[in-house]
Amino acid sequence: MTAAGVMTAGKGAAPSRIFVPVLIFAPCLLVYLVFFVWPQLSLLAVSAFDRGQVSAAHYIRFFSDEYYWELLGRTLFLGVSVTLITLILGVPVAYVIARMRSRYAALLLVLTTFPLLVSAVVRSFGWMVLFFRDGVVSNLLLALGLIDQPMQLMYTLTGVIIALAQVLLPLMVLTLHGVFKSIDPDLEHAAMSLGAPPWLALWLVTLRLAPGGIIAGSLLVFSLAISAFATPALVGGARANVMATTIYEQTIELLDWPFASALSAILLVFVLLISLLYAKALDRRSAGEAAS
Amino acid sequence: MTIDPRSPFGLLLTAVCIVAFVYLILPILVVVVAPLGDTGYLAFPPQGFTLRWYAAALEDTRYLGGFLTSLRIGVIVALLSTVIGVMAAYGISRYAFPGKALAEALFLSPLILPTLVFAVALSLFFTRTGLLSGDSRLIMGHVIICTPYVIRATLPVLRRFDRTLEEAAQNLGASPLQSFFLILLPVVKTGIVAGCAMAFITSFDEVVLALFLASPGEPTLPVMIYSAVQLGFEPTVAAVSGLLVLLTCVFMVIYQLLGIARQE
């Protein structure tokens with residue numbers, strides 16, 4: 001229908017300068033306004049009403065109950081832990097791929113992207129099999145002497161952190177890879193020929209030149225970690241509740257939509273703040289690239 | 001590589017990389033391999049060898065139904081997102097107007113905003129307004145979260161596109177529409193195919209919106225797996241997940257081969 005609209009506009013002798021751009025944008029903008037902006041705005045409205053009256057009751061309920069403070073704290077802890085793990089593993093992987101010969105690098109990038117294409121439900125299922133009772137992970141840690149009795153990871157926050165970091169690691173690697181790739185390896189050569197040991201060269205040159213990329217990757221992983229649902233729900237269950245699983249519980253199981261809306265609004269505000277920082281980080285990164 | 005792989009630091013880097021890739025691949029491998037075990041419960045590494053669970057998964061008509069539902073929704077979503085996404089990306093790359101940066105940020109924001117919050121909002125919205133019904137509710141939800149992938153894949157290609165080619169075609173008498181379809185589309189096809197494929201796989205895999213919006217009688221495959229996994233570890237569910245992983249492998253290989261064919 002919209003495509004036909006564009007066609008008739010194209011056939012006009014001299015399509016107006018305003019008319020064509022408007023027609024090209026209209027379908028996407030309309031879909032987003034009706035099915036994305038409007039629902040989320042009305043969600044905010046629902047959260048601010050109690051029995052037909054404007055009220056902060058749902059927010060007061062959240063912020064006056066220690067349980068929900070703990071929930072918020074646990075969610076943020078999950079976000080920070082997942083971000084740290086993906087950074088510790090992601091920086092070396094992204095760096096090695098960026099400095100590798102192109103054929104192998106392409107293969108490793110495919111291997112990194114592949115998990116992203118597998119549903120988070122399926123990946124969490126894999127972790128459940130690994131975590132259950134005498135799962136491989138627990139046996140491996142026992143064999144390595146890191147723990148002295150079988151470890152229960154299923155239905156724990158630690159389990160959720162391990163599984164979620166795996167789900168989000170590819171995004172960290174792909175973000176960092178782009179940044180490291182844009183840094184000239186000659187700078188590291190120079191640092192090393194001036195006597196810097198390799199680790200120092202990596203730190204001084206690559207990491208110091210890429211703060212925007214590292215911040216962007218971290219904020220992306222953090223905001224997706226605090227709002228992830230499938231992995232915490234499957235691996236953590238009711239015993240490792242986070243914001244997302246609580247919102248789901250309030251809607252589908254308890255049918256308390258206004259309170260769920262307030263919880264959603266709080267989560268949304270957190271993610272929006274992070275996205276603003278993210279946009280700033282990306283801006284600084286592109287400014288840095290332009291300067292170099 | 002600038003760092004000697006045989007130096008202690010190089011070895012450390014290599015070791016971290018190996019750990020990272022094992023960590024990335026292991027849970028996926030488990031899902032494929034565990035249902036091959038002959039024990040009747042899921043274990044990794046599996047003991048014995050049987051194709052019984054894979055056969056059961058293929059014969060189970062409920063899972064086949066879920067697969068077909070996901071496939072149908074994925075295809076419709078991919079086509080819709082590609083049409084509106086390519087149009088929006090074309091508009092962003094071509095025209096300057098006030099509020100353009102805002103529009104671009106809006107179109108890309110579903111990549112970072114919580115899908116669960118969006119699902120709650122959309123669910124409330126559909127209940128209150130009574131708009132749409134059946135599959136089309138989930139389809140519209142998926143179109144919103146899949147369009148950003150199309151825009152992200154096509155925008156760089158469109159920005160690199162040499163606009164003088166189009167002007168040349170129009171000077172030679174092509175209408176703007178002809179030059180769009182005959183000159184621009186073939187050049188940016190790679191980006192469009194990549195975006196369309198990403199949109200399809202994202203919709204096919206998605207579970208949160210599907211939990212809220214899928215028609216109760218026709219759950220998508222990820223929703224079926226999600227519900228089954230919560231009830232218990234049936235080897236058939238693992239086999240279904242394993243088949244899904246293998247299918248994703250095939251999808252990826254075809255996609256890579258197409259990419260290589262295009263480059264040559």
# chains A, B, ... in the order shown; residues from 1 in each chain; ligands from 1

call {"tool": "residues_around", "arguments": {"residues": "B:Glu206", "least_positions_apart": "2", "cutoff": "10 Å", "atoms": "only C-alpha atoms", "output": "list in words"}}
result
Val118, Ser119, Ala120, Val121 and Ala230 of chain A; Ser70, Gly74, Thr115, His142, Ile145, Ile201, Thr202, Ser203, Phe204, Val208, Leu209, Ala210, Leu211, Thr220, Leu221, Pro222 and Val223 of chain B

call {"tool": "write_last_selection", "arguments": {"atoms": "C-alpha atoms", "output": "short mmCIF file (atom, residue, chain, number, x, y, z; two decimals), in the first residue's frame"}}
result
data_model
loop_
_atom_site.label_atom_id
_atom_site.label_comp_id
_atom_site.auth_asym_id
_atom_site.auth_seq_id
_atom_site.Cartn_x
_atom_site.Cartn_y
_atom_site.Cartn_z
CA VAL A 118 21.09 -19.07 18.52
CA SER A 119 18.04 -18.22 20.63
CA ALA A 120 18.82 -17.10 24.19
CA VAL A 121 16.34 -19.78 25.33
CA ALA A 230 14.98 -15.41 29.35
CA SER B 70 7.86 -19.21 13.93
CA GLY B 74 9.72 -14.67 10.82
CA THR B 115 12.31 -5.75 25.18
CA HIS B 142 8.70 -8.07 16.06
CA ILE B 145 12.66 -4.84 17.19
CA ILE B 201 16.64 -14.77 12.63
CA THR B 202 15.88 -12.19 15.34
CA SER B 203 12.14 -12.71 14.96
CA PHE B 204 12.53 -16.49 14.71
CA VAL B 208 9.92 -12.27 25.30
CA LEU B 209 7.44 -10.56 22.96
CA ALA B 210 6.23 -14.00 21.89
CA LEU B 211 5.45 -14.95 25.51
CA THR B 220 6.18 -20.02 18.52
CA LEU B 221 9.00 -22.56 18.79
CA PRO B 222 11.09 -20.56 21.33
CA VAL B 223 8.00 -20.20 23.55
#

call {"tool": "closest_atom_pairs", "arguments": {"of": "chain B", "to": "chain A", "cutoff": "6 Å", "atoms": "only C-alpha atoms", "output": "Markdown table"}}
result
| residue | atom | partner | partner_atom | distance |
| --- | --- | --- | --- | --- |
| B:Met1 | CA | A:Arg99 | CA | 5.0 |
| B:Leu13 | CA | A:Pro92 | CA | 6.0 |
| B:Cys17 | CA | A:Val93 | CA | 5.3 |
| B:Ala20 | CA | A:Leu89 | CA | 6.0 |
| B:Leu24 | CA | A:Gln166 | CA | 5.8 |
| B:Pro27 | CA | A:Gly126 | CA | 4.3 |
| B:Ile28 | CA | A:Arg123 | CA | 5.8 |
| B:Val30 | CA | A:Gly126 | CA | 5.6 |
| B:Val31 | CA | A:Gly126 | CA | 5.2 |
| B:Ile84 | CA | A:Cys28 | CA | 5.1 |
| B:Met87 | CA | A:Ile24 | CA | 5.6 |
| B:Ala88 | CA | A:Phe25 | CA | 5.3 |
| B:Pro114 | CA | A:Ser227 | CA | 5.3 |
| B:Val117 | CA | A:Ser264 | CA | 5.3 |
| B:Ala121 | CA | A:Pro39 | CA | 5.1 |
| B:Leu122 | CA | A:Pro39 | CA | 5.4 |
| B:Phe125 | CA | A:Pro39 | CA | 5.4 |
| B:Leu177 | CA | A:Gly10 | CA | 5.7 |
| B:Asp205 | CA | A:Ser119 | CA | 4.6 |
| B:Ser241 | CA | A:Val122 | CA | 5.9 |

call {"tool": "atom_distance", "arguments": {"atom1": "atom CA of B:Thr190", "atom2": "atom CA of B:Asp135"}}
result
29.7 Å

call {"tool": "residues_around", "arguments": {"residues": "A:Met243", "least_positions_apart": "4", "cutoff": "7 Å", "atoms": "only C-alpha atoms", "output": "VMD selection string"}}
result
chain A and resid 71 to 72 75 247

call {"tool": "atom_distance", "arguments": {"atom1": "atom CA of A:Thr83", "atom2": "atom CA of A:Val173"}}
result
11.8 Å

call {"tool": "residues_around", "arguments": {"residues": "B:Met224", "least_positions_apart": "5", "cutoff": "10 Å", "atoms": "only C-alpha atoms", "output": "JSON, numbers by chain"}}
result
{"B": [62, 63, 66, 67, 207, 211, 218, 219, 229, 237]}

call {"tool": "residues_around", "arguments": {"residues": "B:Asp38", "least_positions_apart": "4", "cutoff": "7 Å", "atoms": "only C-alpha atoms", "output": "ChimeraX atom specification"}}
result
/B:47-50

call {"tool": "write_last_selection", "arguments": {"atoms": "C-alpha atoms", "output": "PDB file, in the first residue's frame"}}
result
ATOM      1  CA  GLN B  47      26.717 -41.828  27.684  1.00  0.00           C
ATOM      2  CA  GLY B  48      25.947 -44.296  24.919  1.00  0.00           C
ATOM      3  CA  PHE B  49      24.576 -43.260  21.577  1.00  0.00           C
ATOM      4  CA  THR B  50      21.050 -43.093  20.244  1.00  0.00           C
TER       5      THR B  50
END

call {"tool": "atom_distance", "arguments": {"atom1": "atom CA of B:Ser215", "atom2": "atom CA of B:Ser123"}}
result
12.0 Å

call {"tool": "residues_around", "arguments": {"residues": "B:Gln256", "least_positions_apart": "5", "cutoff": "12 Å", "atoms": "only C-alpha atoms", "output": "ChimeraX atom specification"}}
result
/A:106-107,109-111,113-114 /B:190,193-194,197,249-251,261-263

call {"tool": "write_last_selection", "arguments": {"atoms": "N, CA and C atoms", "output": "PDB file, in the first residue's frame"}}
result
ATOM      1  N   ALA A 106      38.463 -13.708  10.072  1.00  0.00           N
ATOM      2  CA  ALA A 106      37.092 -13.844   9.579  1.00  0.00           C
ATOM      3  C   ALA A 106      36.425 -15.072  10.185  1.00  0.00           C
ATOM      4  N   LEU A 107      37.200 -16.171  10.277  1.00  0.00           N
ATOM      5  CA  LEU A 107      36.652 -17.412  10.838  1.00  0.00           C
ATOM      6  C   LEU A 107      36.270 -17.206  12.308  1.00  0.00           C
ATOM      7  N   LEU A 109      35.570 -14.409  13.763  1.00  0.00           N
ATOM      8  CA  LEU A 109      34.428 -13.500  13.868  1.00  0.00           C
ATOM      9  C   LEU A 109      33.122 -14.253  13.633  1.00  0.00           C
ATOM     10  N   VAL A 110      33.150 -15.199  12.681  1.00  0.00           N
ATOM     11  CA  VAL A 110      31.964 -16.025  12.438  1.00  0.00           C
ATOM     12  C   VAL A 110      31.643 -16.839  13.682  1.00  0.00           C
ATOM     13  N   LEU A 111      32.695 -17.393  14.299  1.00  0.00           N
ATOM     14  CA  LEU A 111      32.513 -18.203  15.504  1.00  0.00           C
ATOM     15  C   LEU A 111      31.964 -17.357  16.655  1.00  0.00           C
ATOM     16  N   THR A 113      30.057 -14.597  16.173  1.00  0.00           N
ATOM     17  CA  THR A 113      28.706 -14.150  15.832  1.00  0.00           C
ATOM     18  C   THR A 113      27.696 -15.284  15.982  1.00  0.00           C
ATOM     19  N   PHE A 114      28.158 -16.518  15.730  1.00  0.00           N
ATOM     20  CA  PHE A 114      27.233 -17.641  15.717  1.00  0.00           C
ATOM     21  C   PHE A 114      26.336 -17.746  16.959  1.00  0.00           C
TER      22      PHE A 114
ATOM     23  N   THR B 190      23.633  -6.126  -1.034  1.00  0.00           N
ATOM     24  CA  THR B 190      24.325  -6.859   0.033  1.00  0.00           C
ATOM     25  C   THR B 190      23.808  -6.456   1.408  1.00  0.00           C
ATOM     26  N   VAL B 193      20.181  -7.652   1.952  1.00  0.00           N
ATOM     27  CA  VAL B 193      20.077  -9.093   2.239  1.00  0.00           C
ATOM     28  C   VAL B 193      20.541  -9.377   3.659  1.00  0.00           C
ATOM     29  N   ALA B 194      21.665  -8.754   4.065  1.00  0.00           N
ATOM     30  CA  ALA B 194      22.177  -8.972   5.420  1.00  0.00           C
ATOM     31  C   ALA B 194      21.149  -8.528   6.457  1.00  0.00           C
ATOM     32  N   ALA B 197      18.167 -10.922   6.575  1.00  0.00           N
ATOM     33  CA  ALA B 197      18.508 -12.182   7.247  1.00  0.00           C
ATOM     34  C   ALA B 197      18.551 -11.987   8.754  1.00  0.00           C
ATOM     35  N   CYS B 249      23.229 -23.284  12.032  1.00  0.00           N
ATOM     36  CA  CYS B 249      24.529 -23.540  11.380  1.00  0.00           C
ATOM     37  C   CYS B 249      24.365 -23.496   9.866  1.00  0.00           C
ATOM     38  N   VAL B 250      23.356 -24.216   9.357  1.00  0.00           N
ATOM     39  CA  VAL B 250      23.114 -24.272   7.916  1.00  0.00           C
ATOM     40  C   VAL B 250      22.862 -22.862   7.382  1.00  0.00           C
ATOM     41  N   PHE B 251      22.027 -22.126   8.105  1.00  0.00           N
ATOM     42  CA  PHE B 251      21.684 -20.747   7.749  1.00  0.00           C
ATOM     43  C   PHE B 251      22.958 -19.903   7.632  1.00  0.00           C
ATOM     44  N   ALA B 261      30.593 -15.617  -2.415  1.00  0.00           N
ATOM     45  CA  ALA B 261      30.248 -15.600  -3.841  1.00  0.00           C
ATOM     46  C   ALA B 261      30.132 -14.164  -4.334  1.00  0.00           C
ATOM     47  N   ARG B 262      29.573 -13.301  -3.464  1.00  0.00           N
ATOM     48  CA  ARG B 262      29.407 -11.908  -3.887  1.00  0.00           C
ATOM     49  C   ARG B 262      30.738 -11.195  -4.011  1.00  0.00           C
ATOM     50  N   GLN B 263      31.667 -11.555  -3.081  1.00  0.00           N
ATOM     51  CA  GLN B 263      32.952 -10.851  -3.095  1.00  0.00           C
ATOM     52  C   GLN B 263      33.786 -11.222  -4.318  1.00  0.00           C
TER      53      GLN B 263
END

call {"tool": "closest_atom_pairs", "arguments": {"of": "stretch 85-128 of chain B", "to": "stretch 152-173 of chain B", "cutoff": "7 Å", "atoms": "only C-alpha atoms", "output": "JSON lines"}}
result
{"residue": "B:Val86", "atom": "CA", "partner": "B:Thr154", "partner_atom": "CA", "distance": 6.7}
{"residue": "B:Ala89", "atom": "CA", "partner": "B:Leu155", "partner_atom": "CA", "distance": 5.3}
{"residue": "B:Tyr90", "atom": "CA", "partner": "B:Leu158", "partner_atom": "CA", "distance": 6.7}
{"residue": "B:Ser93", "atom": "CA", "partner": "B:Arg159", "partner_atom": "CA", "distance": 5.6}

call {"tool": "closest_residue", "arguments": {"among": "A:Leu142, A:Leu200, A:Ala262, A:Val242", "to": "A:Ala56", "atoms": "only C-alpha atoms"}}
result
A:Ala262

call {"tool": "residues_around", "arguments": {"residues": "B:Leu213", "least_positions_apart": "5", "cutoff": "8 Å", "atoms": "only C-alpha atoms", "output": "list in words"}}
result
Ala119, Ser123, Arg137 and Leu138 of chain B
